[in-house]
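Structure data follow from run34.tsv (TSV, C-alpha atoms):
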chain	number	residue	atom	x	y	z
A	115	MET	CA	3.35	-71.38	-49.52
A	116	THR	CA	6.63	-69.60	-50.23
A	117	THR	CA	7.34	-67.95	-53.54
A	118	PRO	CA	10.48	-69.08	-55.43
A	119	GLY	CA	12.62	-66.18	-54.24
A	120	GLN	CA	11.71	-66.17	-50.55
A	121	HIS	CA	14.27	-68.63	-49.23
A	122	SER	CA	17.40	-66.90	-47.95
A	123	ASN	CA	19.73	-69.90	-47.41
A	124	LEU	CA	22.66	-68.45	-49.33
A	125	PRO	CA	25.86	-70.39	-49.94
A	126	THR	CA	29.44	-69.59	-49.04
A	127	GLU	CA	31.76	-68.83	-51.94
A	128	HIS	CA	35.20	-70.40	-52.32
A	129	PHE	CA	38.10	-70.46	-54.77
A	130	ALA	CA	40.61	-73.28	-55.15
A	131	ALA	CA	43.47	-74.29	-57.45
A	132	ILE	CA	42.23	-77.58	-58.89
A	133	GLY	CA	44.34	-79.12	-61.63
A	134	GLU	CA	45.18	-76.36	-64.08
A	135	LEU	CA	42.05	-74.43	-63.13
A	136	GLN	CA	41.22	-71.81	-60.55
A	137	VAL	CA	37.75	-73.05	-59.66
A	138	ARG	CA	35.08	-71.01	-57.97
A	139	TYR	CA	32.48	-73.05	-56.13
A	140	LEU	CA	29.50	-72.49	-53.87
A	141	GLU	CA	28.84	-74.57	-50.79
A	142	TRP	CA	25.72	-75.11	-48.68
A	143	GLN	CA	26.08	-76.88	-45.36
A	144	ALA	CA	23.34	-79.25	-44.23
A	145	GLU	CA	21.11	-77.68	-41.58
A	146	VAL	CA	20.55	-80.91	-39.65
A	147	ASP	CA	23.12	-83.30	-38.25
A	148	GLY	CA	23.32	-86.86	-39.47
A	149	GLN	CA	24.68	-89.10	-42.18
A	150	THR	CA	23.01	-87.71	-45.29
A	151	THR	CA	24.12	-87.90	-48.88
A	152	PRO	CA	26.33	-84.98	-50.00
A	153	ILE	CA	25.45	-83.52	-53.40
A	154	LEU	CA	27.56	-82.31	-56.32
A	155	ALA	CA	25.47	-79.94	-58.48
A	156	LEU	CA	26.54	-79.22	-62.08
A	157	HIS	CA	25.04	-76.25	-63.93
A	158	GLY	CA	24.04	-75.96	-67.58
A	159	LEU	CA	25.71	-74.42	-70.62
A	160	ALA	CA	26.49	-70.68	-70.38
A	161	SER	CA	25.20	-70.79	-66.80
A	162	SER	CA	26.90	-70.78	-63.39
A	163	ALA	CA	26.87	-72.45	-60.00
A	164	ASN	CA	24.35	-69.81	-58.86
A	165	TRP	CA	21.66	-71.51	-60.96
A	166	TYR	CA	21.21	-73.86	-58.00
A	167	GLU	CA	20.49	-71.20	-55.36
A	168	ARG	CA	16.73	-71.68	-55.14
A	169	LEU	CA	16.92	-75.47	-55.33
A	170	ALA	CA	19.84	-75.82	-52.91
A	171	ALA	CA	18.06	-73.60	-50.38
A	172	ARG	CA	15.45	-76.36	-50.15
A	173	LEU	CA	17.79	-79.37	-50.32
A	174	CYS	CA	20.33	-78.12	-47.79
A	175	ARG	CA	18.06	-78.90	-44.87
A	176	ASN	CA	19.22	-82.50	-45.15
A	177	HIS	CA	22.17	-82.40	-47.55
A	178	SER	CA	25.44	-80.55	-47.94
A	179	ILE	CA	25.78	-79.28	-51.51
A	180	VAL	CA	28.71	-78.10	-53.59
A	181	ALA	CA	28.21	-76.42	-56.97
A	182	PRO	CA	31.28	-75.45	-59.01
A	183	ASP	CA	31.47	-73.05	-61.92
A	184	GLN	CA	32.60	-75.50	-64.61
A	185	ARG	CA	35.59	-74.65	-66.78
A	186	GLY	CA	34.96	-71.63	-68.99
A	187	HIS	CA	31.94	-70.58	-66.90
A	188	GLY	CA	31.33	-68.09	-64.13
A	189	GLN	CA	34.54	-67.16	-62.34
A	190	THR	CA	36.41	-70.39	-63.08
A	191	THR	CA	39.39	-70.27	-65.45
A	192	GLN	CA	38.62	-69.58	-69.11
A	193	ALA	CA	40.49	-72.66	-70.32
A	194	ALA	CA	41.10	-72.75	-74.07
A	195	SER	CA	40.49	-76.51	-74.23
A	196	GLY	CA	39.18	-79.40	-72.16
A	197	TYR	CA	35.48	-79.35	-73.02
A	198	ASP	CA	35.41	-83.05	-73.79
A	199	TRP	CA	33.57	-85.38	-71.43
A	200	GLN	CA	36.63	-87.03	-69.91
A	201	THR	CA	38.23	-83.71	-68.94
A	202	LEU	CA	34.99	-82.21	-67.65
A	203	SER	CA	34.32	-85.35	-65.61
A	204	ALA	CA	37.85	-85.28	-64.19
A	205	ASP	CA	37.32	-81.60	-63.25
A	206	ALA	CA	34.30	-82.61	-61.17
A	207	ILE	CA	36.17	-85.44	-59.46
A	208	ARG	CA	39.04	-83.10	-58.60
A	209	VAL	CA	36.54	-80.81	-56.87
A	210	LEU	CA	35.39	-83.78	-54.79
A	211	ASP	CA	39.02	-84.69	-54.01
A	212	HIS	CA	39.70	-81.12	-52.91
A	213	LEU	CA	36.76	-81.29	-50.51
A	214	GLY	CA	37.57	-84.79	-49.27
A	215	LEU	CA	34.29	-86.24	-50.54
A	216	GLU	CA	34.61	-89.92	-51.41
A	217	GLN	CA	31.10	-90.46	-52.77
A	218	VAL	CA	28.23	-88.11	-53.64
A	219	ALA	CA	24.95	-87.89	-55.46
A	220	VAL	CA	25.35	-85.81	-58.60
A	221	LEU	CA	22.76	-83.44	-60.05
A	222	GLY	CA	23.08	-82.06	-63.55
A	223	HIS	CA	20.86	-79.46	-65.19
A	224	SER	CA	20.65	-79.18	-68.99
A	225	TRP	CA	24.19	-79.61	-70.43
A	226	GLY	CA	25.28	-80.18	-66.84
A	227	GLY	CA	23.15	-83.32	-67.05
A	228	ASN	CA	25.34	-84.48	-69.92
A	229	VAL	CA	28.42	-83.82	-67.80
A	230	ALA	CA	26.80	-85.62	-64.84
A	231	ILE	CA	26.04	-88.80	-66.80
A	232	ASN	CA	29.67	-88.90	-67.87
A	233	VAL	CA	30.91	-88.42	-64.30
A	234	ALA	CA	28.66	-91.30	-63.21
A	235	ALA	CA	29.74	-93.56	-66.08
A	236	ARG	CA	33.49	-92.82	-65.90
A	237	PHE	CA	33.87	-92.68	-62.10
A	238	PRO	CA	31.17	-95.07	-60.84
A	239	GLU	CA	32.81	-95.61	-57.47
A	240	ARG	CA	32.41	-91.89	-56.67
A	241	ILE	CA	28.72	-91.50	-57.51
A	242	SER	CA	25.94	-93.05	-55.41
A	243	LYS	CA	22.98	-91.61	-57.32
A	244	LEU	CA	22.40	-89.50	-60.42
A	245	VAL	CA	19.71	-86.89	-61.08
A	246	MET	CA	19.24	-85.55	-64.62
A	247	ILE	CA	17.34	-82.23	-64.46
A	248	ASP	CA	15.92	-81.58	-67.94
A	249	GLY	CA	19.23	-82.65	-69.38
A	250	GLY	CA	21.59	-85.54	-69.90
A	251	PHE	CA	19.21	-87.05	-72.45
A	252	LEU	CA	19.75	-84.41	-75.16
A	253	ASP	CA	20.87	-86.44	-78.17
A	254	GLY	CA	21.31	-84.46	-81.37
A	255	HIS	CA	21.12	-87.66	-83.39
A	256	LEU	CA	17.45	-87.98	-82.41
A	257	LEU	CA	16.49	-84.59	-83.83
A	258	PRO	CA	14.29	-84.56	-86.94
A	259	ASP	CA	16.54	-84.44	-90.02
A	260	ALA	CA	19.51	-84.92	-87.71
A	261	SER	CA	22.86	-83.73	-89.00
A	262	TRP	CA	25.86	-81.95	-87.54
A	263	GLU	CA	24.80	-78.77	-89.33
A	264	VAL	CA	21.24	-78.91	-87.91
A	265	PHE	CA	22.55	-79.62	-84.41
A	266	GLN	CA	25.19	-76.88	-84.58
A	267	SER	CA	22.62	-74.34	-85.76
A	268	ARG	CA	19.98	-75.32	-83.21
A	269	TYR	CA	22.33	-75.06	-80.24
A	270	ALA	CA	24.34	-72.04	-81.31
A	271	PRO	CA	25.17	-69.50	-78.57
A	272	ARG	CA	22.10	-67.67	-77.28
A	273	ASN	CA	21.54	-63.99	-77.99
A	274	VAL	CA	22.51	-61.95	-74.94
A	275	SER	CA	23.20	-58.72	-76.79
A	276	GLY	CA	22.23	-55.29	-75.49
A	277	THR	CA	23.03	-53.17	-72.52
A	278	ARG	CA	22.69	-54.47	-68.99
A	279	ARG	CA	19.24	-52.88	-68.69
A	280	GLU	CA	18.10	-54.25	-72.06
A	281	PHE	CA	19.37	-57.72	-71.16
A	282	LEU	CA	17.61	-57.71	-67.79
A	283	ASP	CA	14.37	-56.36	-69.28
A	284	ARG	CA	14.37	-59.12	-71.89
A	285	ILE	CA	15.18	-61.99	-69.53
A	286	SER	CA	12.79	-60.76	-66.84
A	287	GLN	CA	10.02	-61.00	-69.44
A	288	GLN	CA	11.12	-64.50	-70.44
A	289	LEU	CA	11.10	-65.57	-66.78
A	290	GLY	CA	8.11	-63.46	-65.84
A	291	ASP	CA	6.34	-66.23	-63.91
A	292	CYS	CA	9.20	-66.59	-61.44
A	293	TRP	CA	11.22	-63.36	-61.66
A	294	ASP	CA	12.45	-61.79	-58.43
A	295	ASP	CA	15.48	-59.83	-57.25
A	296	ASP	CA	17.43	-63.01	-56.60
A	297	LEU	CA	17.11	-64.07	-60.25
A	298	GLU	CA	18.48	-60.74	-61.42
A	299	ARG	CA	21.57	-61.35	-59.33
A	300	ILE	CA	21.80	-65.00	-60.42
A	301	VAL	CA	21.61	-64.40	-64.17
A	302	LEU	CA	24.22	-61.65	-63.95
A	303	THR	CA	26.75	-64.25	-62.74
A	304	MET	CA	26.56	-65.85	-66.20
A	305	VAL	CA	27.42	-62.79	-68.30
A	306	TYR	CA	29.75	-59.79	-68.36
A	307	GLU	CA	29.65	-56.22	-69.65
A	308	ASP	CA	32.22	-55.54	-72.38
A	309	GLY	CA	34.12	-52.32	-73.00
A	310	GLU	CA	31.28	-50.94	-75.09
A	311	GLY	CA	28.66	-51.52	-72.43
A	312	GLN	CA	27.23	-54.60	-74.15
A	313	ILE	CA	26.36	-57.80	-72.31
A	314	GLN	CA	28.18	-60.96	-73.43
A	315	ASP	CA	28.12	-64.59	-72.33
A	316	ILE	CA	31.07	-65.52	-70.12
A	317	LEU	CA	31.32	-68.81	-72.03
A	318	ARG	CA	33.37	-67.82	-75.07
A	319	PRO	CA	32.19	-68.88	-78.56
A	320	PRO	CA	35.22	-71.13	-79.29
A	321	ASN	CA	34.61	-73.00	-76.04
A	322	HIS	CA	30.89	-73.27	-76.78
A	323	ALA	CA	31.87	-74.81	-80.12
A	324	GLN	CA	34.01	-77.44	-78.35
A	325	VAL	CA	31.05	-78.33	-76.13
A	326	LEU	CA	28.85	-78.92	-79.17
A	327	GLU	CA	31.52	-81.11	-80.76
A	328	ALA	CA	31.56	-83.30	-77.65
A	329	MET	CA	27.76	-83.47	-77.51
A	330	TRP	CA	27.51	-84.52	-81.14
A	331	GLY	CA	30.56	-86.80	-81.23
A	332	GLU	CA	29.72	-88.72	-78.05
A	333	PRO	CA	25.96	-88.47	-77.42
A	334	PRO	CA	24.05	-89.87	-74.42
A	335	SER	CA	23.32	-93.13	-76.27
A	336	VAL	CA	27.03	-93.97	-75.89
A	337	THR	CA	27.24	-93.11	-72.17
A	338	LEU	CA	23.89	-93.95	-70.56
A	339	PRO	CA	24.15	-97.77	-70.81
A	340	ASN	CA	27.35	-97.60	-68.74
A	341	ILE	CA	25.72	-95.96	-65.71
A	342	GLN	CA	25.59	-98.30	-62.72
A	343	CYS	CA	23.96	-96.16	-60.03
A	344	PRO	CA	20.23	-95.49	-59.48
A	345	THR	CA	19.17	-92.62	-61.74
A	346	LEU	CA	16.33	-90.11	-61.66
A	347	ILE	CA	15.35	-88.42	-64.91
A	348	VAL	CA	13.40	-85.19	-64.31
A	349	PRO	CA	12.18	-83.64	-67.58
A	350	ALA	CA	10.34	-80.33	-67.70
A	351	GLY	CA	6.81	-80.92	-68.90
A	352	PRO	CA	5.44	-78.34	-71.34
A	353	ARG	CA	2.56	-76.01	-70.73
A	354	PRO	CA	-0.67	-77.05	-72.47
A	355	ASP	CA	-0.25	-74.62	-75.37
A	356	ARG	CA	3.12	-76.17	-76.27
A	357	ALA	CA	2.47	-79.82	-75.52
A	358	GLY	CA	2.04	-80.79	-79.16
A	359	SER	CA	5.00	-78.85	-80.53
A	360	SER	CA	7.67	-80.67	-82.52
A	361	PHE	CA	10.23	-79.67	-79.87
A	362	ASN	CA	8.31	-81.40	-77.08
A	363	LEU	CA	7.52	-84.46	-79.18
A	364	THR	CA	11.24	-84.82	-79.90
A	365	LYS	CA	12.03	-84.30	-76.23
A	366	THR	CA	9.68	-87.15	-75.30
A	367	VAL	CA	11.52	-89.40	-77.75
A	368	MET	CA	14.84	-88.46	-76.12
A	369	VAL	CA	13.54	-89.06	-72.59
A	370	ASP	CA	12.14	-92.46	-73.61
A	371	ALA	CA	15.46	-93.40	-75.22
A	372	ALA	CA	17.34	-92.43	-72.04
A	373	ALA	CA	14.95	-94.43	-69.86
A	374	LYS	CA	15.51	-97.51	-72.01
A	375	ALA	CA	19.28	-97.06	-71.93
A	376	VAL	CA	19.90	-96.58	-68.19
A	377	PRO	CA	19.73	-99.92	-66.35
A	378	ASP	CA	18.23	-98.59	-63.07
A	379	ASN	CA	16.12	-95.48	-63.50
A	380	ARG	CA	12.85	-93.76	-62.84
A	381	VAL	CA	11.31	-90.82	-64.74
A	382	ARG	CA	9.43	-88.02	-62.98
A	383	TRP	CA	8.09	-85.27	-65.23
A	384	ILE	CA	7.53	-81.87	-63.58
A	385	PRO	CA	4.34	-80.69	-65.32
A	386	GLU	CA	3.72	-77.31	-66.93
A	387	THR	CA	7.06	-75.72	-66.28
A	388	ILE	CA	10.09	-74.30	-68.09
A	389	HIS	CA	13.57	-75.61	-68.84
A	390	ASP	CA	14.86	-73.77	-65.76
A	391	ILE	CA	12.74	-75.85	-63.39
A	392	GLY	CA	14.92	-74.77	-60.48
A	393	TYR	CA	13.80	-71.18	-61.00
A	394	HIS	CA	10.14	-71.87	-61.66
A	395	LYS	CA	9.22	-74.81	-59.41
A	396	PRO	CA	12.03	-75.26	-56.89
A	397	ASP	CA	9.74	-76.66	-54.18
A	398	GLU	CA	8.35	-79.37	-56.45
A	399	LEU	CA	11.76	-80.19	-57.91
A	400	ALA	CA	13.35	-80.38	-54.45
A	401	ALA	CA	10.61	-82.71	-53.22
A	402	VAL	CA	11.12	-85.10	-56.14
A	403	ILE	CA	14.90	-85.14	-55.62
A	404	GLU	CA	14.61	-85.51	-51.85
A	405	GLU	CA	12.28	-88.49	-52.22
A	406	PHE	CA	14.75	-90.15	-54.61
A	407	LEU	CA	17.79	-89.51	-52.43
Structure translated into structure tokens:
Amino acid sequence: MTTPGQHSNLPTEHFAAIGELQVRYLEWQAEVDGQTTPILALHGLASSANWYERLAARLCRNHSIVAPDQRGHGQTTQAASGYDWQTLSADAIRVLDHLGLEQVAVLGHSWGGNVAINVAARFPERISKLVMIDGGFLDGHLLPDASWEVFQSRYAPRNVSGTRREFLDRISQQLGDCWDDDLERIVLTMVYEDGEGQIQDILRPPNHAQVLEAMWGEPPSVTLPNIQCPTLIVPAGPRPDRAGSSFNLTKTVMVDAAAKAVPDNRVRWIPETIHDIGYHKPDELAAVIEEFL
């Protein structure tokens, strides 16, 4: 069995003027010939296209994959606005137009799942299938004691303070079960070192705030019933010591609500893993997605 970091199928990197953005995207070509479904892969909040490296290395045997840095992330333009669902969805469609892709399956991890459900709902003719990877079902209105203030506080920007070495030491401990040299390189695509030698998120706080406004103002309960394509919901199952936590009980409520809302769906929990399933269990995640596609 291979360890998460052993696959070396690295993507090619591209830059393109798309709308008002200079978009950086990664591309994996399918290893086998044939008519297989191309994939658009959308990363999570304060992440980057590189999040998909381990997963795409497995999926690209049968599928071509494109993963853009979404606006305000990675090396794509730091736009001062446009973090609403319609604009983000249109960004994704413009990437497909640039590549000449008429119809794709869309994957979305975490907040990228929320973007993906909006792409599927707003541009149904362009999306053949939808995969929600531990995301897309996050509905702040289903939190205990739900309010804008609670939601805003709970999903405030993460703490990435410290020097490069301090940041890497901290995150390598958090991801200790799956850490390897490739993850060090991947996570560094999501941050930058400021003039004082401190690590900061590339996603700027004002843009993060706009994302939260969209998530609260137009939650999944509004979007999910409008999805027409077959949908796979892949939540990360907790480890036994956290199974009964209030966070995971709330997550189960959100997953159940999403499953009831989407007309054609199946739910496949990946057991005993972390939010970044693609880091921790890429083989298992790839197998579930491949079976669905």
* Asked: If we count all atoms listed in the file, what is near stretch 193-207 of chain A at a cut-off of 7 Å, once residues fewer than 2 positions away on the same chain are taken out, given as an MDAnalysis selection string?
  -> chainID A and resid 185:186 191 209:211 229 232:233 321 324:325 328
* Please indicate the distance in Å from atom CA of A:Thr366 to atom CA of A:Gly227, rounded to one decimal place. => 16.3 Å
* Which neighbours of stretch 378-381 of chain A fall inside 7 Å, counting all atoms listed in the file, when residues of the same chain fewer than 2 positions from it are skipped, and could you give them as a VMD selection string? -> chain A and resid 343 to 348 373 376 383
* A:Gly222 environment, 12 Å, all atoms listed in the file, sequence neighbours closer than 2 positions dropped, as an MDAnalysis selection string -> chainID A and resid 153:159 161:163 165:166 181:182 184 203 206 219:220 224:234 243:251 345:349 390 392 403
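Distances from A:Gln189, A:Asn362, A:Thr150, A:Gln342 to A:Asn176 were compared using only C-alpha atoms, and the smallest one belongs to A:Thr150.
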* To do: Have a look at A:Glu404, A:Arg168, A:Gly309, A:His322 and name the one nearest to A:Thr151; count all atoms listed in the file.
  => A:Glu404
* By how many Å are atom CA of A:Val305 and atom CA of A:Leu124 apart? -> 20.4 Å
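The spacing separating atom CA of A:Asp294 from atom CA of A:His389 amounts to 17.3 Å.
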* Asked: Which protein, DNA or RNA residues have an atom at most 12 Å from (1.4, -80.6, -74.0), counting all atoms listed in the file? List them as a PyMOL selection string.
  -> chain A and resi 350-363+365-366+383+385-387
* To do: Please write as a count of residues only the list of polymer residues whose atoms come within 8 Å of (44.6, -72.9, -65.9), counting all atoms listed in the file and keeping to the coordinates of the file.
  => 7
* Shell around A:Thr277 at 8 Å using only C-alpha atoms, local window under 2 positions removed, as a ChimeraX atom specification -> /A:275,279-281,307,311-313
* Asked: What lies within 8 Å of A:Leu399 using all atoms listed in the file, ignoring chain neighbours under 6 positions off, as a PyMOL selection string?
  -> chain A and resi 169+384+391-392
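Comparing the minimum interatomic distances between A:His212 and each of A:Ala131, A:Val264, A:Ala171, A:Ile241, counting all atoms listed in the file, we find that A:Ala131 sits nearest.
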* Asked: For A:His177, which residue out of A:Pro238, A:Pro152, A:Gly290, A:Pro319 is the nearest one, using all atoms listed in the file?
  -> A:Pro152
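Residue nearest A:Ala144 within the list A:Ser178, A:Thr364, A:Ser286, A:Asn340: A:Ser178 [criterion: smallest interatomic distance, all atoms listed in the file].
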Regenerate stretch 356-375 of chain A at the level of N, CA and C atoms and dump it as a PDB file, keeping the file's coordinate frame.
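result_13.pdb was written with the following content:
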ATOM      1  N   ARG A 356       1.934 -75.735 -75.550  1.00  0.00           N
ATOM      2  CA  ARG A 356       3.120 -76.170 -76.270  1.00  0.00           C
ATOM      3  C   ARG A 356       3.292 -77.685 -76.274  1.00  0.00           C
ATOM      4  N   ALA A 357       2.320 -78.376 -75.698  1.00  0.00           N
ATOM      5  CA  ALA A 357       2.470 -79.820 -75.520  1.00  0.00           C
ATOM      6  C   ALA A 357       2.631 -80.567 -76.835  1.00  0.00           C
ATOM      7  N   GLY A 358       1.984 -80.083 -77.885  1.00  0.00           N
ATOM      8  CA  GLY A 358       2.040 -80.790 -79.160  1.00  0.00           C
ATOM      9  C   GLY A 358       3.104 -80.288 -80.112  1.00  0.00           C
ATOM     10  N   SER A 359       3.968 -79.410 -79.646  1.00  0.00           N
ATOM     11  CA  SER A 359       5.000 -78.850 -80.530  1.00  0.00           C
ATOM     12  C   SER A 359       6.015 -79.917 -80.917  1.00  0.00           C
ATOM     13  N   SER A 360       6.668 -79.705 -82.058  1.00  0.00           N
ATOM     14  CA  SER A 360       7.670 -80.670 -82.520  1.00  0.00           C
ATOM     15  C   SER A 360       8.818 -80.770 -81.525  1.00  0.00           C
ATOM     16  N   PHE A 361       9.165 -79.651 -80.864  1.00  0.00           N
ATOM     17  CA  PHE A 361      10.230 -79.670 -79.870  1.00  0.00           C
ATOM     18  C   PHE A 361       9.894 -80.632 -78.743  1.00  0.00           C
ATOM     19  N   ASN A 362       8.671 -80.551 -78.208  1.00  0.00           N
ATOM     20  CA  ASN A 362       8.310 -81.400 -77.080  1.00  0.00           C
ATOM     21  C   ASN A 362       8.075 -82.842 -77.490  1.00  0.00           C
ATOM     22  N   LEU A 363       7.626 -83.085 -78.701  1.00  0.00           N
ATOM     23  CA  LEU A 363       7.520 -84.460 -79.180  1.00  0.00           C
ATOM     24  C   LEU A 363       8.901 -85.089 -79.298  1.00  0.00           C
ATOM     25  N   THR A 364       9.868 -84.320 -79.801  1.00  0.00           N
ATOM     26  CA  THR A 364      11.240 -84.820 -79.900  1.00  0.00           C
ATOM     27  C   THR A 364      11.830 -85.048 -78.520  1.00  0.00           C
ATOM     28  N   LYS A 365      11.533 -84.150 -77.599  1.00  0.00           N
ATOM     29  CA  LYS A 365      12.030 -84.300 -76.230  1.00  0.00           C
ATOM     30  C   LYS A 365      11.510 -85.586 -75.605  1.00  0.00           C
ATOM     31  N   THR A 366      10.239 -85.904 -75.833  1.00  0.00           N
ATOM     32  CA  THR A 366       9.680 -87.150 -75.300  1.00  0.00           C
ATOM     33  C   THR A 366      10.411 -88.354 -75.855  1.00  0.00           C
ATOM     34  N   VAL A 367      10.747 -88.314 -77.130  1.00  0.00           N
ATOM     35  CA  VAL A 367      11.520 -89.400 -77.750  1.00  0.00           C
ATOM     36  C   VAL A 367      12.868 -89.553 -77.056  1.00  0.00           C
ATOM     37  N   MET A 368      13.529 -88.421 -76.767  1.00  0.00           N
ATOM     38  CA  MET A 368      14.840 -88.460 -76.120  1.00  0.00           C
ATOM     39  C   MET A 368      14.748 -88.997 -74.693  1.00  0.00           C
ATOM     40  N   VAL A 369      13.728 -88.572 -73.965  1.00  0.00           N
ATOM     41  CA  VAL A 369      13.540 -89.060 -72.590  1.00  0.00           C
ATOM     42  C   VAL A 369      13.290 -90.563 -72.607  1.00  0.00           C
ATOM     43  N   ASP A 370      12.438 -91.026 -73.508  1.00  0.00           N
ATOM     44  CA  ASP A 370      12.140 -92.460 -73.610  1.00  0.00           C
ATOM     45  C   ASP A 370      13.396 -93.252 -73.942  1.00  0.00           C
ATOM     46  N   ALA A 371      14.220 -92.713 -74.845  1.00  0.00           N
ATOM     47  CA  ALA A 371      15.460 -93.400 -75.220  1.00  0.00           C
ATOM     48  C   ALA A 371      16.402 -93.489 -74.024  1.00  0.00           C
ATOM     49  N   ALA A 372      16.480 -92.418 -73.231  1.00  0.00           N
ATOM     50  CA  ALA A 372      17.340 -92.430 -72.040  1.00  0.00           C
ATOM     51  C   ALA A 372      16.842 -93.448 -71.031  1.00  0.00           C
ATOM     52  N   ALA A 373      15.521 -93.497 -70.829  1.00  0.00           N
ATOM     53  CA  ALA A 373      14.950 -94.430 -69.860  1.00  0.00           C
ATOM     54  C   ALA A 373      15.202 -95.875 -70.257  1.00  0.00           C
ATOM     55  N   LYS A 374      15.223 -96.146 -71.542  1.00  0.00           N
ATOM     56  CA  LYS A 374      15.510 -97.510 -72.010  1.00  0.00           C
ATOM     57  C   LYS A 374      16.989 -97.847 -71.876  1.00  0.00           C
ATOM     58  N   ALA A 375      17.839 -96.823 -71.919  1.00  0.00           N
ATOM     59  CA  ALA A 375      19.280 -97.060 -71.930  1.00  0.00           C
ATOM     60  C   ALA A 375      19.877 -97.250 -70.544  1.00  0.00           C
TER      61      ALA A 375
END
